[in-house]
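One file, structure17.csv, carrying CSV, C-alpha atoms:
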```
chain,number,residue,atom,x,y,z
A,201,MET,CA,62.6,90.0,91.8
A,202,LEU,CA,64.4,88.2,94.6
A,203,GLY,CA,64.9,90.1,97.8
A,204,LEU,CA,64.7,89.9,101.5
A,205,SER,CA,61.5,91.0,103.1
A,206,ASP,CA,63.3,91.8,106.3
A,207,PRO,CA,66.5,94.0,105.8
A,208,GLY,CA,67.9,92.7,109.1
A,209,GLN,CA,67.8,89.1,107.8
A,210,THR,CA,71.2,87.7,106.8
A,211,ARG,CA,71.9,85.3,104.0
A,212,PRO,CA,75.0,83.2,103.2
A,213,SER,CA,77.7,85.2,101.5
A,214,GLU,CA,80.5,84.5,99.1
A,215,VAL,CA,83.1,85.4,101.8
A,216,LYS,CA,84.9,82.3,103.0
A,217,SER,CA,87.2,81.6,105.9
A,218,ILE,CA,90.2,79.5,104.8
A,219,SER,CA,92.5,77.9,107.2
A,220,TYR,CA,95.3,75.3,107.1
A,221,PHE,CA,96.0,72.8,109.9
A,222,LEU,CA,97.8,69.6,110.7
A,223,SER,CA,95.9,66.6,112.0
A,224,SER,CA,96.7,63.1,112.9
A,225,SER,CA,93.1,62.3,113.6
A,226,PRO,CA,90.6,60.8,111.2
A,227,PRO,CA,87.8,63.1,109.8
A,228,VAL,CA,84.6,63.3,111.8
A,229,ALA,CA,82.5,62.9,108.7
A,230,ALA,CA,82.8,59.4,107.3
A,231,SER,CA,81.6,60.6,103.8
A,232,LEU,CA,84.9,62.4,103.0
A,233,GLU,CA,86.4,61.4,99.7
A,234,PHE,CA,89.8,60.2,100.9
A,235,ASP,CA,91.4,56.8,100.8
A,236,GLN,CA,91.0,55.4,104.3
A,237,GLN,CA,94.7,54.5,104.6
A,238,VAL,CA,95.7,58.1,103.7
A,239,VAL,CA,93.1,59.5,106.1
A,240,GLN,CA,94.4,57.4,109.0
A,241,GLN,CA,97.8,58.9,108.5
A,242,GLY,CA,96.6,62.5,108.7
A,243,GLY,CA,98.6,65.4,107.3
A,244,LEU,CA,98.1,68.9,106.1
A,245,TYR,CA,94.4,69.9,105.6
A,246,ARG,CA,92.8,73.0,104.0
A,247,ARG,CA,89.4,74.0,105.4
A,248,GLN,CA,87.1,76.4,103.5
A,249,ILE,CA,83.8,77.4,105.1
A,250,ASP,CA,81.3,80.1,104.4
A,251,ARG,CA,81.8,82.8,107.1
A,252,ALA,CA,78.0,82.9,107.7
A,253,VAL,CA,78.0,79.1,108.3
A,254,ALA,CA,80.9,79.3,110.6
A,255,SER,CA,79.3,82.2,112.5
A,256,TYR,CA,76.0,80.2,112.8
A,257,ARG,CA,78.0,77.2,114.1
A,258,GLY,CA,79.8,79.4,116.6
A,259,GLU,CA,83.2,78.6,115.2
A,260,THR,CA,86.0,81.0,115.7
A,261,GLN,CA,89.0,78.8,114.9
A,262,ALA,CA,89.9,75.9,112.6
A,263,PRO,CA,89.2,72.5,114.2
A,264,GLY,CA,91.9,70.1,115.1
A,265,VAL,CA,90.0,67.3,113.5
A,266,PRO,CA,89.0,67.4,109.8
A,267,ASP,CA,85.3,67.9,109.1
A,268,GLU,CA,83.1,68.0,106.0
A,269,TYR,CA,84.7,71.4,105.1
A,270,SER,CA,88.3,70.0,105.2
A,271,LYS,CA,90.3,68.6,102.4
A,272,LEU,CA,93.5,66.6,102.8
A,273,LEU,CA,96.2,68.4,100.8
A,274,ALA,CA,99.4,66.6,101.8
A,275,PRO,CA,99.5,63.5,103.9
A,276,GLU,CA,103.3,63.6,103.8
A,277,ILE,CA,103.5,66.8,105.9
A,278,VAL,CA,103.8,65.9,109.5
A,279,GLY,CA,105.1,69.2,111.0
A,280,LEU,CA,104.7,72.9,110.3
A,281,GLU,CA,106.3,75.6,112.5
A,282,PHE,CA,106.5,79.3,112.2
A,283,ARG,CA,108.9,81.8,114.0
A,284,TYR,CA,108.8,85.5,113.7
A,285,PHE,CA,111.7,88.0,113.6
A,286,ASP,CA,111.2,91.4,115.1
A,287,GLY,CA,114.4,93.0,113.8
A,288,SER,CA,116.6,91.8,116.7
A,289,ALA,CA,115.3,88.4,118.0
A,290,TRP,CA,113.2,85.4,116.9
A,291,ALA,CA,109.8,84.7,118.7
A,292,ASN,CA,107.6,81.6,118.5
A,293,GLU,CA,104.4,83.7,118.7
A,294,TRP,CA,103.3,87.0,117.1
A,295,ASP,CA,100.2,89.1,117.7
A,296,SER,CA,100.3,92.1,115.4
A,297,ASP,CA,97.5,93.8,117.4
A,298,GLU,CA,99.6,93.6,120.6
A,299,MET,CA,102.9,94.4,119.0
A,300,GLN,CA,101.5,97.2,116.8
A,301,TYR,CA,103.6,96.2,113.8
A,302,PHE,CA,104.4,93.2,111.6
A,303,PRO,CA,107.5,91.0,111.9
A,304,THR,CA,110.3,91.8,109.5
A,305,ALA,CA,110.7,88.1,108.6
A,306,ILE,CA,108.9,84.8,109.1
A,307,GLU,CA,110.7,81.5,109.3
A,308,VAL,CA,108.8,78.5,108.0
A,309,ILE,CA,109.9,74.9,108.9
A,310,LEU,CA,108.1,72.1,107.1
A,311,THR,CA,108.6,68.5,108.2
A,312,VAL,CA,108.0,65.8,105.6
A,313,ASP,CA,107.7,62.1,106.1
A,314,ALA,CA,108.7,60.7,102.7
A,315,SER,CA,107.1,57.3,103.4
A,316,ARG,CA,103.8,59.0,103.0
A,317,LEU,CA,104.4,60.6,99.6
A,318,GLN,CA,101.8,59.6,97.1
A,319,THR,CA,101.4,60.0,93.3
A,320,ASN,CA,98.1,60.0,91.5
A,321,LYS,CA,98.0,57.6,88.6
A,322,GLY,CA,94.7,56.9,86.9
A,323,GLY,CA,92.8,58.4,89.8
A,324,ARG,CA,94.4,56.0,92.3
A,325,ASN,CA,97.0,57.0,94.8
A,326,GLN,CA,100.2,55.0,94.4
A,327,PRO,CA,103.4,55.1,96.5
A,328,VAL,CA,106.2,57.2,95.0
A,329,ASN,CA,109.2,55.4,93.5
A,330,PRO,CA,111.5,54.6,96.4
A,331,ASN,CA,114.5,55.5,94.3
A,332,GLN,CA,113.6,59.2,94.5
A,333,GLN,CA,115.8,61.6,96.5
A,334,LEU,CA,113.5,62.0,99.6
A,335,SER,CA,113.6,59.3,102.3
A,336,GLY,CA,112.7,59.2,105.9
A,337,ILE,CA,111.8,62.4,107.8
A,338,GLN,CA,113.3,65.6,106.5
A,339,GLN,CA,112.9,69.2,107.4
A,340,PHE,CA,112.8,72.1,104.9
A,341,ARG,CA,113.3,75.7,106.1
A,342,THR,CA,112.8,79.0,104.4
A,343,VAL,CA,112.8,82.6,105.7
A,344,VAL,CA,110.4,85.1,104.1
A,345,HIS,CA,111.3,88.7,104.4
A,346,LEU,CA,108.4,91.1,104.8
A,347,PRO,CA,109.6,94.4,103.1
A,348,ALA,CA,106.5,96.4,104.2
A,349,ALA,CA,107.2,95.7,107.9
A,350,GLU,CA,108.7,98.5,109.8
A,351,VAL,CA,110.4,98.0,113.1
A,352,PRO,CA,109.3,100.9,115.4
A,353,ALA,CA,112.1,103.3,116.3
A,354,GLU,CA,113.2,103.2,119.9
A,355,GLU,CA,112.1,106.2,121.9
A,356,GLU,CA,114.9,108.5,123.0
A,357,GLU,CA,115.0,109.8,126.5
```

The structure in this file should be written as C-alpha coordinates.
Amino acid sequence: MLGLSDPGQTRPSEVKSISYFLSSSPPVAASLEFDQQVVQQGGLYRRQIDRAVASYRGETQAPGVPDEYSKLLAPEIVGLEFRYFDGSAWANEWDSDEMQYFPTAIEVILTVDASRLQTNKGGRNQPVNPNQQLSGIQQFRTVVHLPAAEVPAEEEE
(Lines of atoms letter the chains of each structure in order from A and count residues from 1; the text may use other names and numbers.)
(Lines give C-alpha, C1' and ligand atoms only; values in the text may rest on other atoms or scores of the structure.)
Protein backbone atom coordinates (compact mmCIF):
# COMPACT_ATOMS: atom_id res chain seq x y z
CA MET A 1 0.00 0.00 0.00
CA LEU A 2 1.38 3.32 -1.06
CA GLY A 3 0.74 6.26 1.16
CA LEU A 4 2.28 9.26 2.78
CA SER A 5 3.59 8.81 6.28
CA ASP A 6 3.07 12.50 7.00
CA PRO A 7 -0.46 13.70 6.11
CA GLY A 8 0.87 17.26 5.80
CA GLN A 9 3.30 16.20 3.06
CA THR A 10 2.24 17.24 -0.44
CA ARG A 11 2.78 15.36 -3.68
CA PRO A 12 2.44 16.43 -7.32
CA SER A 13 -1.13 16.43 -8.54
CA GLU A 14 -2.87 15.98 -11.85
CA VAL A 15 -3.99 19.63 -11.72
CA LYS A 16 -2.18 21.69 -14.33
CA SER A 17 -1.86 25.38 -15.00
CA ILE A 18 -2.23 26.11 -18.70
CA SER A 19 -1.38 29.46 -20.21
CA TYR A 20 -0.87 30.90 -23.67
CA PHE A 21 1.58 33.67 -24.46
CA LEU A 22 3.37 35.39 -27.32
CA SER A 23 7.13 35.55 -27.37
CA SER A 24 9.75 36.72 -29.81
CA SER A 25 12.53 35.38 -27.56
CA PRO A 26 14.20 32.01 -28.05
CA PRO A 27 13.48 29.32 -25.42
CA VAL A 28 15.66 29.26 -22.32
CA ALA A 29 16.05 25.47 -22.61
CA ALA A 30 18.18 24.50 -25.59
CA SER A 31 16.73 20.97 -25.58
CA LEU A 32 13.33 22.02 -26.91
CA GLU A 33 12.10 20.07 -29.92
CA PHE A 34 11.65 23.02 -32.29
CA ASP A 35 13.38 23.80 -35.56
CA GLN A 36 15.87 26.57 -34.65
CA GLN A 37 14.66 28.84 -37.49
CA VAL A 38 11.08 28.63 -36.23
CA VAL A 39 12.20 29.14 -32.63
CA GLN A 40 14.09 32.32 -33.49
CA GLN A 41 10.91 33.77 -35.01
CA GLY A 42 8.84 33.17 -31.89
CA GLY A 43 5.06 33.08 -32.01
CA LEU A 44 2.19 31.75 -29.90
CA TYR A 45 3.19 29.29 -27.16
CA ARG A 46 1.18 26.98 -24.88
CA ARG A 47 2.61 26.31 -21.45
CA GLN A 48 1.40 23.43 -19.29
CA ILE A 49 2.92 22.93 -15.86
CA ASP A 50 1.88 20.95 -12.81
CA ARG A 51 0.53 23.40 -10.23
CA ALA A 52 2.63 21.84 -7.49
CA VAL A 53 5.78 22.35 -9.59
CA ALA A 54 4.81 25.95 -10.37
CA SER A 55 4.14 26.58 -6.68
CA TYR A 56 7.48 25.06 -5.73
CA ARG A 57 9.23 27.26 -8.29
CA GLY A 58 7.37 30.32 -6.94
CA GLU A 59 5.70 31.03 -10.26
CA THR A 60 2.44 32.92 -10.37
CA GLN A 61 2.38 33.99 -14.04
CA ALA A 62 3.37 32.60 -17.42
CA PRO A 63 6.89 33.52 -18.43
CA GLY A 64 7.60 35.90 -21.28
CA VAL A 65 10.32 33.54 -22.52
CA PRO A 66 9.52 29.92 -23.44
CA ASP A 67 10.86 27.28 -21.04
CA GLU A 68 10.88 23.48 -20.87
CA TYR A 69 7.10 23.49 -20.17
CA SER A 70 6.30 25.58 -23.28
CA LYS A 71 5.40 24.36 -26.75
CA LEU A 72 5.33 26.50 -29.88
CA LEU A 73 1.82 26.30 -31.34
CA ALA A 74 1.83 28.87 -34.11
CA PRO A 75 4.95 30.76 -35.24
CA GLU A 76 2.78 32.78 -37.66
CA ILE A 77 0.89 34.54 -34.83
CA VAL A 78 2.66 37.80 -34.03
CA GLY A 79 -0.09 39.65 -32.17
CA LEU A 80 -3.01 38.83 -29.88
CA GLU A 81 -5.22 41.47 -28.29
CA PHE A 82 -8.34 41.33 -26.13
CA ARG A 83 -10.91 44.02 -25.38
CA TYR A 84 -13.87 43.71 -23.04
CA PHE A 85 -17.39 45.14 -23.43
CA ASP A 86 -19.26 46.07 -20.26
CA GLY A 87 -22.61 46.73 -21.94
CA SER A 88 -21.88 50.35 -22.87
CA ALA A 89 -18.14 50.77 -23.59
CA TRP A 90 -15.02 48.79 -24.52
CA ALA A 91 -12.11 48.40 -22.06
CA ASN A 92 -8.56 47.13 -22.64
CA GLU A 93 -8.39 45.46 -19.22
CA TRP A 94 -10.88 43.54 -17.12
CA ASP A 95 -10.73 42.30 -13.54
CA SER A 96 -13.89 40.35 -12.69
CA ASP A 97 -13.07 40.42 -8.96
CA GLU A 98 -12.91 44.22 -9.02
CA MET A 99 -15.86 44.71 -11.39
CA GLN A 100 -18.01 42.10 -9.60
CA TYR A 101 -19.35 40.78 -12.94
CA PHE A 102 -18.19 39.38 -16.28
CA PRO A 103 -18.04 41.38 -19.50
CA THR A 104 -20.97 40.89 -21.89
CA ALA A 105 -18.58 40.39 -24.82
CA ILE A 106 -14.88 39.89 -25.53
CA GLU A 107 -13.21 41.09 -28.72
CA VAL A 108 -10.25 39.01 -29.95
CA ILE A 109 -7.84 40.44 -32.54
CA LEU A 110 -5.29 38.02 -33.97
CA THR A 111 -2.38 39.31 -36.07
CA VAL A 112 -0.85 36.78 -38.48
CA ASP A 113 2.39 37.06 -40.45
CA ALA A 114 1.77 34.83 -43.47
CA SER A 115 5.51 34.63 -44.23
CA ARG A 116 5.82 32.43 -41.13
CA LEU A 117 3.13 29.93 -42.10
CA GLN A 118 4.46 26.37 -42.13
CA THR A 119 3.08 22.99 -43.19
CA ASN A 120 4.22 19.66 -41.86
CA LYS A 121 5.20 17.23 -44.66
CA GLY A 122 6.91 14.01 -43.69
CA GLY A 123 7.77 15.34 -40.23
CA ARG A 124 9.60 18.38 -41.64
CA ASN A 125 8.25 21.91 -41.67
CA GLN A 126 7.93 23.33 -45.17
CA PRO A 127 6.87 26.83 -46.22
CA VAL A 128 3.24 27.13 -47.30
CA ASN A 129 2.53 27.48 -51.01
CA PRO A 130 2.94 31.23 -51.76
CA ASN A 131 -0.09 31.08 -54.10
CA GLN A 132 -2.42 30.67 -51.11
CA GLN A 133 -4.72 33.54 -50.09
CA LEU A 134 -2.83 34.84 -47.05
CA SER A 135 0.06 37.20 -47.63
CA GLY A 136 1.88 39.75 -45.52
CA ILE A 137 0.56 40.82 -42.13
CA GLN A 138 -3.19 40.40 -41.63
CA GLN A 139 -5.52 40.89 -38.69
CA PHE A 140 -8.52 38.76 -37.87
CA ARG A 141 -11.21 39.98 -35.46
CA THR A 142 -14.08 38.24 -33.74
CA VAL A 143 -16.40 39.23 -30.91
CA VAL A 144 -17.55 36.54 -28.51
CA HIS A 145 -20.80 37.22 -26.66
CA LEU A 146 -20.96 35.87 -23.11
CA PRO A 147 -24.66 35.08 -22.57
CA ALA A 148 -24.23 34.27 -18.86
CA ALA A 149 -22.82 37.74 -18.14
CA GLU A 150 -25.23 40.13 -16.51
CA VAL A 151 -24.60 43.84 -16.42
CA PRO A 152 -25.48 45.13 -12.95
CA ALA A 153 -28.52 47.37 -12.81
CA GLU A 154 -27.82 50.99 -12.04
CA GLU A 155 -28.92 52.02 -8.58
CA GLU A 156 -31.86 54.41 -8.41
CA GLU A 157 -31.71 57.39 -6.12

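Excluding range 298-303 of chain A itself and any same-chain residue fewer than 3 positions from it, the protein and nucleic acid residues within 6 Å of it, counting all atoms listed in the file, are Tyr284, Phe285, Asp286, Asp295 and Ala349 of chain A.
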
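With all atoms listed in the file as the basis for measurement, A:Leu244 is the residue among A:Ala348, A:Val343, A:Val308, A:Leu244 that approaches Ala274 in chain A most closely.
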
For this session: Would you list the residues near (89.3, 73.3, 114.3), meaning any protein, DNA or RNA residue with an atom at most 10 Å from that point in file coordinates, counting all atoms listed in the file, as a count of residues only?
Result: 16

Problem set entry | Exercise: Gln339 in chain A partners within 10 Å, all atoms listed in the file, chain neighbours under 4 positions left out, as a ChimeraX atom specification | /A:277-280,309-313

Take the residues just selected and output them with C-alpha atoms as a PDB file, keeping the file's coordinate frame.
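Once written, selection.pdb looks like this:
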```
ATOM      1  CA  ILE A 277     103.500  66.800 105.900  1.00  0.00           C
ATOM      2  CA  VAL A 278     103.800  65.900 109.500  1.00  0.00           C
ATOM      3  CA  GLY A 279     105.100  69.200 111.000  1.00  0.00           C
ATOM      4  CA  LEU A 280     104.700  72.900 110.300  1.00  0.00           C
ATOM      5  CA  ILE A 309     109.900  74.900 108.900  1.00  0.00           C
ATOM      6  CA  LEU A 310     108.100  72.100 107.100  1.00  0.00           C
ATOM      7  CA  THR A 311     108.600  68.500 108.200  1.00  0.00           C
ATOM      8  CA  VAL A 312     108.000  65.800 105.600  1.00  0.00           C
ATOM      9  CA  ASP A 313     107.700  62.100 106.100  1.00  0.00           C
TER      10      ASP A 313
END
```

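In this model, the gap between CA of Leu272 in chain A and CA of Glu293 in chain A comes to 25.8 Å.
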
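Closest approach to Ala254 in chain A among A:Val215, A:Ile337, A:Leu273, A:Phe282: A:Val215, based on only C-alpha atoms.
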